[in-house]
>>> print(open('upload-v3.txt').read())   # compact mmCIF, C-alpha atoms and all ligand atoms
# COMPACT_ATOMS: atom_id res chain seq x y z
CA MET A 1301 0.00 0.00 0.00
CA PRO A 1302 1.44 3.48 -0.88
CA PRO A 1303 2.15 5.81 2.05
CA PRO A 1304 -0.62 8.33 2.82
CA ALA A 1305 -0.69 11.53 0.74
CA PRO A 1306 0.90 14.51 2.56
CA THR A 1307 -1.35 16.88 4.49
CA PRO A 1308 -2.01 20.10 2.51
CA ASP A 1309 0.02 23.08 3.71
CA PRO A 1310 -1.89 26.41 3.70
CA THR A 1311 1.16 28.42 2.58
CA MET A 1312 1.81 26.12 -0.36
CA ALA A 1313 -1.89 26.17 -1.26
CA GLN A 1314 -1.79 29.97 -1.31
CA LEU A 1315 1.41 30.17 -3.39
CA ALA A 1316 0.81 27.31 -5.86
CA PRO A 1317 -1.35 29.36 -8.30
CA ALA A 1318 1.42 31.99 -8.58
CA LEU A 1319 4.10 29.46 -9.55
CA PRO A 1320 5.18 28.60 -13.10
CA ARG A 1321 2.98 25.74 -14.32
CA ARG A 1322 5.64 23.26 -15.47
CA LEU A 1323 8.48 22.77 -13.01
CA LEU A 1324 11.64 20.77 -13.55
CA VAL A 1325 12.84 19.99 -10.02
CA THR A 1326 16.40 18.68 -10.00
CA GLY A 1327 17.63 16.77 -6.95
CA GLY A 1328 14.01 16.27 -5.91
CA ALA A 1329 14.67 12.82 -4.39
CA GLY A 1330 16.92 14.32 -1.69
CA PHE A 1331 15.99 15.74 1.68
CA ILE A 1332 14.83 19.31 0.97
CA GLY A 1333 13.81 18.76 -2.66
CA SER A 1334 11.47 15.92 -1.73
CA ALA A 1335 9.89 18.01 1.05
CA PHE A 1336 9.26 20.77 -1.49
CA VAL A 1337 7.72 18.34 -4.01
CA ARG A 1338 5.55 16.52 -1.45
CA SER A 1339 4.25 19.78 -0.07
CA LEU A 1340 3.66 21.40 -3.45
CA LEU A 1341 1.77 18.40 -4.85
CA ALA A 1342 -0.50 18.38 -1.81
CA ALA A 1343 -1.76 21.84 -2.80
CA PRO A 1344 -4.99 22.16 -4.83
CA ASP A 1345 -4.29 22.58 -8.57
CA PRO A 1346 -0.49 22.26 -8.29
CA PRO A 1347 1.91 22.75 -11.22
CA GLN A 1348 3.20 19.80 -13.26
CA VAL A 1349 6.34 18.55 -11.51
CA THR A 1350 9.10 16.56 -13.20
CA VAL A 1351 11.84 15.41 -10.83
CA LEU A 1352 15.25 14.77 -12.38
CA ASP A 1353 17.54 13.01 -9.93
CA LYS A 1354 20.66 10.88 -10.31
CA LEU A 1355 19.83 8.91 -7.15
CA THR A 1356 23.27 9.21 -5.62
CA TYR A 1357 23.77 7.76 -2.13
CA ALA A 1358 21.68 10.71 -0.84
CA GLY A 1359 18.77 10.38 -3.26
CA ASN A 1360 15.99 8.01 -2.25
CA PRO A 1361 12.80 7.17 -4.20
CA ALA A 1362 11.11 6.40 -0.87
CA ASN A 1363 11.20 10.14 -0.12
CA LEU A 1364 8.80 10.66 -3.02
CA ALA A 1365 6.64 7.57 -2.46
CA PRO A 1366 3.79 9.67 -0.98
CA VAL A 1367 3.36 11.44 -4.35
CA ALA A 1368 4.40 8.62 -6.69
CA GLU A 1369 0.87 8.20 -8.07
CA HIS A 1370 0.05 11.91 -8.31
CA PRO A 1371 -1.23 12.71 -11.85
CA ARG A 1372 0.94 15.85 -12.07
CA TYR A 1373 4.18 14.11 -11.03
CA ARG A 1374 6.81 12.31 -13.04
CA PHE A 1375 10.23 10.97 -12.02
CA VAL A 1376 13.24 10.73 -14.35
CA ARG A 1377 16.48 9.19 -13.16
CA GLY A 1378 19.38 11.15 -14.65
CA ASP A 1379 22.35 13.44 -14.12
CA ILE A 1380 22.16 17.23 -14.33
CA CYS A 1381 25.61 17.10 -15.96
CA GLU A 1382 24.14 15.25 -18.99
CA VAL A 1383 23.40 17.98 -21.53
CA ALA A 1384 21.05 15.92 -23.74
CA VAL A 1385 18.86 14.75 -20.85
CA VAL A 1386 18.65 18.22 -19.32
CA THR A 1387 17.96 19.97 -22.63
CA ALA A 1388 15.11 17.59 -23.47
CA LEU A 1389 13.44 17.92 -20.05
CA ALA A 1390 13.94 21.69 -19.93
CA GLY A 1391 12.10 21.91 -23.27
CA GLU A 1392 9.00 20.53 -21.55
CA ALA A 1393 9.24 22.95 -18.60
CA ASP A 1394 9.04 26.70 -18.02
CA CYS A 1395 11.14 26.79 -14.86
CA ILE A 1396 13.96 24.90 -13.14
CA VAL A 1397 14.31 24.62 -9.37
CA ASN A 1398 17.79 23.23 -8.71
CA PHE A 1399 18.24 21.26 -5.49
CA ALA A 1400 20.72 18.80 -7.05
CA ALA A 1401 24.12 18.95 -5.38
CA GLU A 1402 26.71 17.11 -3.41
CA THR A 1403 25.90 18.52 0.02
CA HIS A 1404 28.01 17.15 2.88
CA VAL A 1405 31.01 19.22 4.01
CA ASP A 1406 32.87 16.20 5.42
CA ARG A 1407 32.57 14.33 2.12
CA SER A 1408 33.84 17.43 0.30
CA ILE A 1409 36.97 17.26 2.47
CA LEU A 1410 37.47 13.58 1.62
CA GLU A 1411 36.61 13.83 -2.11
CA PRO A 1412 36.09 17.34 -3.53
CA GLY A 1413 35.95 16.44 -7.25
CA GLY A 1414 32.31 15.38 -7.41
CA PHE A 1415 31.30 18.67 -5.80
CA ILE A 1416 32.88 20.69 -8.60
CA GLN A 1417 31.26 18.43 -11.19
CA THR A 1418 27.67 18.59 -9.93
CA ASP A 1419 27.51 21.87 -8.02
CA VAL A 1420 29.39 24.00 -10.57
CA PHE A 1421 29.32 22.26 -13.97
CA GLY A 1422 25.86 20.75 -13.41
CA THR A 1423 24.44 24.16 -12.51
CA TRP A 1424 25.89 25.58 -15.71
CA VAL A 1425 24.24 22.80 -17.77
CA LEU A 1426 20.87 23.71 -16.23
CA LEU A 1427 21.36 27.45 -16.81
CA GLU A 1428 22.26 26.90 -20.44
CA ALA A 1429 19.11 24.81 -20.95
CA ALA A 1430 16.98 27.48 -19.24
CA ARG A 1431 18.50 30.11 -21.52
CA GLN A 1432 17.87 28.10 -24.68
CA HIS A 1433 14.24 27.47 -23.76
CA GLY A 1434 13.46 30.99 -22.52
CA HIS A 1435 12.38 29.88 -19.06
CA ARG A 1436 10.29 32.20 -16.86
CA ARG A 1437 12.30 31.47 -13.72
CA PHE A 1438 15.45 29.66 -12.57
CA LEU A 1439 15.76 29.07 -8.84
CA GLN A 1440 19.14 27.99 -7.49
CA VAL A 1441 19.01 26.47 -4.01
CA SER A 1442 22.18 27.75 -2.38
CA THR A 1443 23.39 27.92 1.21
CA ASP A 1444 24.37 30.30 4.01
CA GLU A 1445 27.81 28.64 3.90
CA VAL A 1446 28.68 30.87 0.92
CA TYR A 1447 29.28 33.73 3.42
CA GLY A 1448 31.78 31.71 5.45
CA ASP A 1449 32.31 32.31 9.14
CA ILE A 1450 30.71 35.42 10.64
CA ALA A 1451 31.69 36.81 14.05
CA ALA A 1452 29.00 37.50 16.69
CA PRO A 1453 26.81 39.46 16.87
CA ALA A 1454 26.71 40.21 13.12
CA ARG A 1455 24.34 38.49 10.70
CA SER A 1456 25.04 37.96 6.99
CA THR A 1457 22.96 40.00 4.57
CA GLU A 1458 22.54 39.13 0.91
CA ASP A 1459 24.90 41.93 -0.15
CA ASP A 1460 27.80 40.69 1.98
CA PRO A 1461 30.90 39.33 0.24
CA LEU A 1462 31.04 35.58 -0.35
CA ARG A 1463 33.94 33.93 1.51
CA PRO A 1464 33.54 30.15 1.22
CA ARG A 1465 35.99 28.11 3.29
CA SER A 1466 35.28 24.46 2.46
CA PRO A 1467 35.35 22.61 -0.87
CA TYR A 1468 31.55 22.24 -0.52
CA SER A 1469 30.83 25.93 0.05
CA ALA A 1470 33.30 26.93 -2.66
CA SER A 1471 31.44 24.65 -5.08
CA LYS A 1472 28.13 26.29 -4.12
CA VAL A 1473 29.64 29.73 -4.73
CA GLY A 1474 30.87 28.45 -8.11
CA GLY A 1475 27.32 27.44 -9.02
CA GLU A 1476 25.94 30.77 -7.81
CA MET A 1477 28.49 32.69 -9.85
CA GLN A 1478 27.33 30.91 -13.00
CA CYS A 1479 23.78 31.98 -12.06
CA TRP A 1480 24.74 35.64 -11.68
CA ALA A 1481 26.71 35.53 -14.93
CA TYR A 1482 23.73 34.09 -16.83
CA HIS A 1483 21.45 36.70 -15.32
CA GLU A 1484 23.73 39.60 -16.27
CA THR A 1485 24.84 38.32 -19.67
CA PHE A 1486 21.78 36.55 -21.04
CA GLY A 1487 18.95 37.88 -18.89
CA VAL A 1488 18.07 34.46 -17.45
CA PRO A 1489 15.59 35.27 -14.63
CA VAL A 1490 17.65 33.79 -11.82
CA LEU A 1491 16.66 33.68 -8.16
CA VAL A 1492 18.95 32.32 -5.44
CA THR A 1493 17.97 31.13 -1.97
CA ARG A 1494 20.64 30.83 0.74
CA GLY A 1495 19.22 28.49 3.34
CA SER A 1496 20.66 27.67 6.74
CA ASN A 1497 21.23 24.24 8.36
CA THR A 1498 18.08 22.31 7.68
CA TYR A 1499 16.66 19.39 9.68
CA GLY A 1500 13.50 17.29 9.70
CA PRO A 1501 12.15 13.99 8.36
CA TYR A 1502 13.73 12.09 5.42
CA GLN A 1503 17.26 13.53 5.94
CA TYR A 1504 20.06 11.10 5.07
CA PRO A 1505 21.70 10.32 8.42
CA GLU A 1506 25.13 11.90 7.85
CA LYS A 1507 24.46 15.53 8.98
CA ILE A 1508 24.51 16.29 12.70
CA VAL A 1509 20.77 16.10 13.49
CA PRO A 1510 19.80 12.81 11.80
CA LEU A 1511 23.19 11.22 12.60
CA PHE A 1512 22.88 12.00 16.29
CA ILE A 1513 19.23 10.94 16.46
CA THR A 1514 19.80 7.59 14.75
CA ASN A 1515 23.02 6.94 16.69
CA ALA A 1516 21.27 7.71 19.97
CA LEU A 1517 18.34 5.43 19.11
CA ASP A 1518 20.91 2.67 18.54
CA ASP A 1519 22.87 3.56 21.74
CA ARG A 1520 25.92 4.57 19.68
CA PRO A 1521 28.23 7.52 20.48
CA LEU A 1522 27.48 11.03 19.24
CA PRO A 1523 30.79 12.36 17.79
CA ILE A 1524 31.17 16.09 18.58
CA TYR A 1525 33.77 17.95 16.55
CA GLY A 1526 36.22 19.77 18.84
CA ASP A 1527 34.61 21.58 21.75
CA GLY A 1528 31.14 21.47 20.18
CA ASP A 1529 30.85 25.24 20.38
CA ALA A 1530 30.49 25.97 16.65
CA VAL A 1531 27.00 27.39 16.07
CA ARG A 1532 24.46 27.02 13.29
CA ASP A 1533 20.99 28.43 12.55
CA TYR A 1534 18.72 25.34 12.45
CA LEU A 1535 15.76 25.67 10.09
CA HIS A 1536 12.95 23.12 9.82
CA VAL A 1537 12.70 21.58 6.35
CA ASP A 1538 9.04 22.56 5.90
CA ASP A 1539 9.96 26.21 6.58
CA HIS A 1540 12.82 25.93 4.08
CA ALA A 1541 10.45 24.48 1.44
CA ARG A 1542 7.91 27.27 2.05
CA GLY A 1543 10.68 29.86 1.75
CA ILE A 1544 11.69 28.48 -1.63
CA ALA A 1545 8.06 28.60 -2.79
CA HIS A 1546 7.76 32.23 -1.64
CA VAL A 1547 10.90 33.25 -3.55
CA LEU A 1548 9.83 31.31 -6.65
CA ALA A 1549 6.39 32.95 -6.63
CA GLN A 1550 7.26 36.48 -5.50
CA GLY A 1551 11.04 37.00 -5.63
CA GLU A 1552 12.73 39.52 -7.86
CA PRO A 1553 15.01 37.96 -10.49
CA GLY A 1554 18.65 38.87 -9.97
CA ARG A 1555 18.36 38.76 -6.18
CA ALA A 1556 19.43 36.33 -3.46
CA TYR A 1557 17.25 35.59 -0.42
CA ASN A 1558 18.49 34.36 2.97
CA LEU A 1559 16.31 31.68 4.57
CA GLY A 1560 17.12 31.04 8.22
CA GLN A 1561 15.28 30.44 11.48
CA GLY A 1562 16.70 33.74 12.73
CA ASP A 1563 16.83 32.79 16.44
CA GLN A 1564 20.10 32.74 18.36
CA PRO A 1565 22.29 30.16 16.60
CA ILE A 1566 22.67 26.81 18.43
CA ASP A 1567 25.93 24.99 19.18
CA GLY A 1568 26.73 21.33 18.55
CA LEU A 1569 26.69 20.35 22.22
CA THR A 1570 23.17 21.76 22.56
CA VAL A 1571 22.06 19.68 19.56
CA ALA A 1572 23.58 16.58 21.19
CA ARG A 1573 21.99 17.26 24.60
CA THR A 1574 18.61 17.94 22.96
CA VAL A 1575 18.78 14.59 21.14
CA LEU A 1576 19.81 12.74 24.31
CA GLY A 1577 16.98 14.37 26.24
CA LEU A 1578 14.38 13.46 23.61
CA THR A 1579 15.63 9.88 23.20
CA GLY A 1580 16.20 9.28 26.93
CA ARG A 1581 19.87 8.35 26.44
CA PRO A 1582 22.71 9.19 28.87
CA PRO A 1583 25.23 12.07 28.48
CA GLU A 1584 28.06 9.51 28.31
CA LEU A 1585 27.11 8.93 24.65
CA ILE A 1586 28.71 12.32 23.81
CA GLN A 1587 32.26 11.82 22.50
CA HIS A 1588 34.52 14.71 21.55
CA VAL A 1589 36.54 13.91 18.43
CA ALA A 1590 39.13 15.87 16.47
CA ASP A 1591 37.71 18.98 14.85
CA ARG A 1592 36.68 19.29 11.18
CA PRO A 1593 39.50 20.92 9.16
CA GLY A 1594 38.59 24.53 8.37
CA HIS A 1595 35.48 24.28 10.58
CA ASP A 1596 33.34 27.43 10.25
CA ARG A 1597 32.56 28.58 13.79
CA ARG A 1598 29.39 30.55 13.21
CA TYR A 1599 26.69 31.18 10.61
CA ALA A 1600 23.89 33.66 11.26
CA LEU A 1601 21.51 35.25 8.76
CA ASP A 1602 19.58 38.46 8.37
CA THR A 1603 16.34 37.26 6.76
CA ALA A 1604 14.54 40.61 6.38
CA ARG A 1605 14.44 40.33 2.58
CA ALA A 1606 12.63 36.98 2.55
CA GLN A 1607 10.35 38.10 5.39
CA ALA A 1608 9.32 41.08 3.26
CA LEU A 1609 7.85 38.53 0.82
CA GLY A 1610 5.63 37.27 3.64
CA TRP A 1611 7.78 34.26 4.58
CA HIS A 1612 8.14 33.55 8.29
CA PRO A 1613 9.56 30.35 9.82
CA GLN A 1614 6.76 28.54 11.66
CA THR A 1615 8.68 25.88 13.62
CA GLN A 1616 10.75 26.57 16.72
CA PHE A 1617 13.83 24.41 17.34
CA ALA A 1618 12.45 22.62 20.43
CA ALA A 1619 9.18 21.62 18.76
CA GLY A 1620 10.88 20.80 15.45
CA MET A 1621 13.43 18.56 17.14
CA ALA A 1622 10.76 16.74 19.16
CA ALA A 1623 8.79 16.03 15.98
CA THR A 1624 11.95 14.99 14.12
CA VAL A 1625 13.04 12.56 16.85
CA ALA A 1626 9.52 11.10 16.85
CA TRP A 1627 9.69 10.67 13.06
CA TYR A 1628 13.01 8.79 13.18
CA ARG A 1629 11.75 6.66 16.05
CA GLU A 1630 8.70 5.70 13.98
CA HIS A 1631 10.52 5.28 10.64
CA ARG A 1632 13.29 2.75 11.31
CA PRO A 1633 12.42 0.93 8.06
CA TRP A 1634 13.39 4.16 6.22
CA TRP A 1635 16.80 4.72 7.84
CA GLU A 1636 18.04 1.31 8.99
CA PRO A 1637 18.76 0.04 5.45
CA ILE A 1638 20.64 3.30 4.72
CA LYS A 1639 22.93 2.83 7.73
CA SER A 1640 24.53 -0.25 6.19
CA GLY A 1641 27.51 -1.05 3.93
CA ALA A 1642 28.31 2.15 1.98
CA PHE A 1643 27.27 4.34 4.88
CA TRP A 1644 29.66 2.60 7.31
CA ASP A 1645 32.47 2.79 4.73
CA PHE A 1646 32.06 6.58 4.75
CA TYR A 1647 31.71 6.61 8.54
CA GLN A 1648 34.99 4.75 8.98
CA ARG A 1649 36.80 7.04 6.57
CA ASN A 1650 35.44 10.18 8.21
CA TYR A 1651 35.58 9.30 11.90
CA ARG A 1652 38.30 6.67 12.33
CA PRO A 1653 41.22 9.10 11.68
CA ARG A 1654 39.87 11.49 14.32
CA PRO A 1655 41.63 10.73 17.61
CA LEU A 1656 39.37 11.08 20.61
CA ALA A 1657 39.93 14.43 22.33
CA SER A 1658 38.01 13.48 25.47
CA ALA A 1659 35.15 11.19 26.33
P1 LIG B 1701 20.65 15.87 -0.30
O1 LIG B 1701 22.09 15.49 -0.25
O2 LIG B 1701 19.69 15.26 0.65
O3 LIG B 1701 20.06 15.58 -1.76
C1 LIG B 1701 20.74 15.92 -2.94
C2 LIG B 1701 19.96 15.30 -4.10
O4 LIG B 1701 20.61 15.65 -5.32
C3 LIG B 1701 19.93 13.77 -4.04
O5 LIG B 1701 18.62 13.31 -4.32
C4 LIG B 1701 20.90 13.34 -5.13
O6 LIG B 1701 20.60 12.08 -5.70
C5 LIG B 1701 20.74 14.48 -6.12
N1 LIG B 1701 21.90 14.65 -7.00
C6 LIG B 1701 23.19 14.77 -6.62
N2 LIG B 1701 23.98 14.91 -7.71
C7 LIG B 1701 23.15 14.90 -8.79
C8 LIG B 1701 23.36 15.02 -10.18
N3 LIG B 1701 24.59 15.17 -10.70
N4 LIG B 1701 22.29 14.99 -11.00
C9 LIG B 1701 21.03 14.84 -10.49
N5 LIG B 1701 20.78 14.70 -9.18
C10 LIG B 1701 21.83 14.73 -8.34
O7 LIG B 1701 20.63 17.45 -0.22
P2 LIG B 1701 19.68 18.43 0.57
O8 LIG B 1701 20.13 18.53 1.97
O9 LIG B 1701 18.28 18.11 0.26
O10 LIG B 1701 20.08 19.82 -0.15
C11 LIG B 1701 19.40 20.25 -1.31
C12 LIG B 1701 19.99 21.57 -1.75
O11 LIG B 1701 19.89 22.50 -0.69
C13 LIG B 1701 21.48 21.49 -2.09
O12 LIG B 1701 21.70 22.30 -3.22
C14 LIG B 1701 22.17 22.05 -0.86
O13 LIG B 1701 23.41 22.66 -1.22
C15 LIG B 1701 21.16 23.05 -0.39
N6 LIG B 1701 21.14 23.32 1.06
C16 LIG B 1701 21.10 22.31 1.97
C17 LIG B 1701 21.00 22.60 3.32
C18 LIG B 1701 20.97 21.52 4.38
O14 LIG B 1701 21.14 21.83 5.56
N7 LIG B 1701 20.71 20.26 4.06
C19 LIG B 1701 20.96 23.93 3.74
C20 LIG B 1701 21.02 24.95 2.77
C21 LIG B 1701 21.09 24.63 1.43
O1 LIG B 1702 24.39 25.86 6.63
C1 LIG B 1702 23.83 25.16 5.56
C2 LIG B 1702 24.59 23.87 5.36
O2 LIG B 1702 24.30 23.05 6.48
C3 LIG B 1702 24.22 23.16 4.07
O3 LIG B 1702 24.58 23.95 2.98
C4 LIG B 1702 24.94 21.82 3.99
O4 LIG B 1702 24.51 21.11 2.83
C5 LIG B 1702 24.62 21.01 5.22
O5 LIG B 1702 25.37 19.81 5.21
C6 LIG B 1702 24.92 21.80 6.49
O6 LIG B 1702 26.36 21.98 6.63
P1 LIG B 1702 27.12 21.84 8.04
O7 LIG B 1702 28.51 21.43 7.79
O8 LIG B 1702 26.90 23.05 8.88
O9 LIG B 1702 26.26 20.64 8.68
P2 LIG B 1702 26.70 19.38 9.54
O10 LIG B 1702 25.46 18.74 10.02
O11 LIG B 1702 27.70 18.54 8.83
O12 LIG B 1702 27.45 20.08 10.78
C7 LIG B 1702 26.72 20.95 11.64
C8 LIG B 1702 27.60 21.27 12.84
O13 LIG B 1702 27.77 20.08 13.62
C9 LIG B 1702 29.00 21.74 12.47
O14 LIG B 1702 29.43 22.70 13.43
C10 LIG B 1702 29.83 20.48 12.60
C11 LIG B 1702 29.14 19.72 13.72
N1 LIG B 1702 29.22 18.24 13.62
C12 LIG B 1702 28.79 17.64 12.49
C13 LIG B 1702 28.86 16.27 12.37
C14 LIG B 1702 28.40 15.57 11.10
C15 LIG B 1702 29.69 17.51 14.70
O15 LIG B 1702 30.06 18.05 15.75
N2 LIG B 1702 29.74 16.14 14.57
C16 LIG B 1702 29.36 15.49 13.45
O16 LIG B 1702 29.46 14.24 13.40
>>> encode(input="upload-v3.txt", output="C-alpha cells")
Amino acid sequence: MPPPAPTPDPTMAQLAPALPRRLLVTGGAGFIGSAFVRSLLAAPDPPQVTVLDKLTYAGNPANLAPVAEHPRYRFVRGDICEVAVVTALAGEADCIVNFAAETHVDRSILEPGGFIQTDVFGTWVLLEAARQHGHRRFLQVSTDEVYGDIAAPARSTEDDPLRPRSPYSASKVGGEMQCWAYHETFGVPVLVTRGSNTYGPYQYPEKIVPLFITNALDDRPLPIYGDGDAVRDYLHVDDHARGIAHVLAQGEPGRAYNLGQGDQPIDGLTVARTVLGLTGRPPELIQHVADRPGHDRRYALDTARAQALGWHPQTQFAAGMAATVAWYREHRPWWEPIKSGAFWDFYQRNYRPRPLASA
C-alpha cells in the first residue's frame, strides 16, 4: 500500500497558483527537494512537476513515495551534468528549481571532485538549458555557507561578500556565480535562496541532526567535533520548502534571499543534549573527536528580505526537534537500510582518523 498523501500546507496552497505551471525539479529525491515536491503536490491545482535526480547515495525514491501516483508528477532518473537529458526535459518545462548537489562538508573534504562536477558544472548545464528554452524562472538552491564564518553578533545579509571556506561551500559559490553571470549576460531570470542548516524527516543520516538521532536510538556515540561550540541556525525543512516557494512565486530575479530560522544560533553540544533528552539516552554517549578541518565557527543570517515577501519560519527548534526525533523513532524501516555497507564505509573514513579528544 502506498504511504498516505501529505497533508495540505496552507502556505503552499496559497502560493501554488502563482508558480510557473511546469516545473523541472532537479535533486528532488533528496531531503529538501522531496519536502518541497511533497508539499507542493499536496496543494490544490499544483503545477506539473518533473523530478530529475541521479539517485546518488543521498537520493531516495522512498522520499517521493507519498506522491508517486500523483497525476501531475513524473520521475526521471538522470544526471544534471548530462546535456542531452537536461535539454530535453527543460524543453517541456518553463522553470527549473535546482536542489541537485553534493551537500556534505565532510565528504567534500574527503573527495572534492564530485562537488565541482555537480555543483558548478551541473548548474551551468541547467542554466544553459533554461537560456535556450526561454524559461520564466530559474531558482538555485544555495546555502548560508557561501558567506563563510561570521563573528557574533553580526548576521550575513545578501549583499555581503562571499567567503567560502570548504570545498563544498566553494562549489556552491561556483554554481551561484554561473547563475549571476547568466542573469547579467543573457537575462536568465535567476533567483537564489541561501538556506541555513536544515533538519526534519527524510534527511540522510550523515548531517549532525539525523546522525545524532539515529546513533542515539541505537545507543551509539554522538561524535562532537572539537569543543562542540560551533553554532548554526537550524531551520525546519518545511519552513525551508515554504521559503523556496515564496521566492519562486514572489522574488525579484537577480536577487538572493536568505532563509534562516533567525533565532540565536545553536551549538553542537546543545544539539547533542537535545537529542539525548528526547531519546532518553545518557550524556556519556557524547564523544569529543578531532575537529573538522577549516570548521566554520558561526553562521547567522539576516532574513529581512525573505520576510518582506511574507515568509516567516513557523517551527521553533524545540518543537521541530521533538517532531523529528519522533519521526526517526517511527521510521526505522526508512533509515536502517541506509545505515549499512556504503554508509559505514564513509563513517569509517570520516571518523576513524579522528583521535578522541576526550570522552
Ligand atoms: P541531499 O544530499 O539530501 O540531496 C541531494 C539530491 O541531489 C539527491 O537526491 C541526489 O541524488 C541528487 N543529486 C546529486 N547529484 C546529482 C546530479 N549530478 N544529477 C542529479 N541529481 C543529483 O541534499 P539536501 O540537503 O536536500 O540539499 C538540497 C539543496 O539545498 C542542495 O543544493 C544544498 O546545497 C542546499 N542546502 C542544503 C542545506 C541543508 O542543511 N541540508 C541547507 C542549505 C542549502
Ligand atoms: O548551513 C547550511 C549547510 O548546512 C548546508 O549547505 C549543507 O549542505 C549542510 O550539510 C549543512 O552543513 P554543516 O557542515 O553546517 O552541517 P553538519 O550537520 O555537517 O554540521 C553541523 C555542525 O555540527 C557543524 O558545526 C559540525 C558539527 N558536527 C557535524 C557532524 C556531522 C559535529 O560536531 N559532529 C558530526 O558528526
>>> residues_near_point(input="upload-v3.txt", point="(-7.0, 24.5, -8.5)", cutoff="12 Å", atoms="all atoms listed in the file", output="list of chain:residue names")
A:Ala1313, A:Gln1314, A:Leu1315, A:Ala1316, A:Pro1317, A:Ala1318, A:Arg1321, A:Leu1341, A:Ala1342, A:Ala1343, A:Pro1344, A:Asp1345, A:Pro1346, A:Pro1347
>>> write_last_selection(input="upload-v3.txt", atoms="C-alpha atoms", output="PDB file, in the frame of the given file")
ATOM      1  CA  ALA A1313      -1.890  26.170  -1.260  1.00  0.00           C
ATOM      2  CA  GLN A1314      -1.790  29.970  -1.310  1.00  0.00           C
ATOM      3  CA  LEU A1315       1.410  30.170  -3.390  1.00  0.00           C
ATOM      4  CA  ALA A1316       0.810  27.310  -5.860  1.00  0.00           C
ATOM      5  CA  PRO A1317      -1.350  29.360  -8.300  1.00  0.00           C
ATOM      6  CA  ALA A1318       1.420  31.990  -8.580  1.00  0.00           C
ATOM      7  CA  ARG A1321       2.980  25.740 -14.320  1.00  0.00           C
ATOM      8  CA  LEU A1341       1.770  18.400  -4.850  1.00  0.00           C
ATOM      9  CA  ALA A1342      -0.500  18.380  -1.810  1.00  0.00           C
ATOM     10  CA  ALA A1343      -1.760  21.840  -2.800  1.00  0.00           C
ATOM     11  CA  PRO A1344      -4.990  22.160  -4.830  1.00  0.00           C
ATOM     12  CA  ASP A1345      -4.290  22.580  -8.570  1.00  0.00           C
ATOM     13  CA  PRO A1346      -0.490  22.260  -8.290  1.00  0.00           C
ATOM     14  CA  PRO A1347       1.910  22.750 -11.220  1.00  0.00           C
TER      15      PRO A1347
END
>>> closest_residue(input="upload-v3.txt", among="A:Ile1508, A:Ala1452, A:Ile1586, A:Val1446", to="Asp1527 in chain A", atoms="only C-alpha atoms")
A:Ile1586
>>> residues_near_ligand(input="upload-v3.txt", ligand="ligand LIG 1701 (chain B)", cutoff="7 Å", atoms="only C-alpha atoms and all ligand atoms", output="ChimeraX atom specification")
/A:1326-1333,1352-1360,1378-1381,1398-1404,1418,1422,1441-1444,1472,1494-1499,1503-1504
>>> atom_distance(input="upload-v3.txt", atom1="CA of Leu1585 in chain A", atom2="atom O16 of ligand LIG 1702 (chain B)")
12.7 Å
>>> closest_residue(input="upload-v3.txt", among="A:Pro1453, A:Pro1521, A:Pro1310, A:Gly1551", to="ligand LIG 1702 (chain B)", atoms="all atoms listed in the file")
A:Pro1521
>>> residues_near_ligand(input="upload-v3.txt", ligand="ligand LIG 1702 (chain B)", cutoff="9 Å", atoms="all atoms listed in the file", output="ChimeraX atom specification")
/A:1401-1406,1442-1446,1468-1469,1472,1494-1499,1505-1512,1522-1534,1567-1569,1571-1572,1588-1589,1591-1592,1595-1599,1650-1651
>>> closest_residue(input="upload-v3.txt", among="A:Leu1576, A:Ala1618, A:Leu1323, A:Cys1479", to="Val1420 in chain A", atoms="only C-alpha atoms")
A:Cys1479
>>> atom_distance(input="upload-v3.txt", atom1="CA of Gly1413 in chain A", atom2="CA of Leu1559 in chain A")
27.5 Å
>>> closest_residue(input="upload-v3.txt", among="A:His1483, A:Arg1431, A:Arg1372, A:Arg1465", to="Gly1554 in chain A", atoms="all atoms listed in the file")
A:His1483
>>> closest_residue(input="upload-v3.txt", among="A:Ala1305, A:Leu1609, A:Ala1600, A:Val1490", to="Ala1545 in chain A", atoms="all atoms listed in the file")
A:Leu1609
>>> atom_distance(input="upload-v3.txt", atom1="CA of Tyr1482 in chain A", atom2="CA of Cys1395 in chain A")
14.7 Å
>>> closest_residue(input="upload-v3.txt", among="A:Asn1515, A:Ser1334, A:Thr1579, A:Ser1456", to="Gly1500 in chain A", atoms="all atoms listed in the file")
A:Ser1334
>>> residues_around(input="upload-v3.txt", residues="Ala1556 in chain A", least_positions_apart="3", cutoff="9 Å", atoms="only C-alpha atoms", output="mmCIF file with C-alpha atoms, in the coordinates of the input")
data_model
loop_
_atom_site.group_PDB
_atom_site.id
_atom_site.type_symbol
_atom_site.label_atom_id
_atom_site.label_comp_id
_atom_site.auth_asym_id
_atom_site.auth_seq_id
_atom_site.Cartn_x
_atom_site.Cartn_y
_atom_site.Cartn_z
ATOM 1 C CA GLU A 1458 22.540 39.130 0.910
ATOM 2 C CA ASP A 1459 24.900 41.930 -0.150
ATOM 3 C CA VAL A 1490 17.650 33.790 -11.820
ATOM 4 C CA LEU A 1491 16.660 33.680 -8.160
ATOM 5 C CA VAL A 1492 18.950 32.320 -5.440
ATOM 6 C CA THR A 1493 17.970 31.130 -1.970
ATOM 7 C CA ARG A 1494 20.640 30.830 0.740
ATOM 8 C CA GLY A 1551 11.040 37.000 -5.630
ATOM 9 C CA GLU A 1552 12.730 39.520 -7.860
ATOM 10 C CA PRO A 1553 15.010 37.960 -10.490
ATOM 11 C CA ARG A 1605 14.440 40.330 2.580
#
>>> residues_around(input="upload-v3.txt", residues="Ser1471 in chain A", least_positions_apart="5", cutoff="7 Å", atoms="only C-alpha atoms", output="list in words")
Phe1415, Ile1416, Asp1419 and Val1420 of chain A
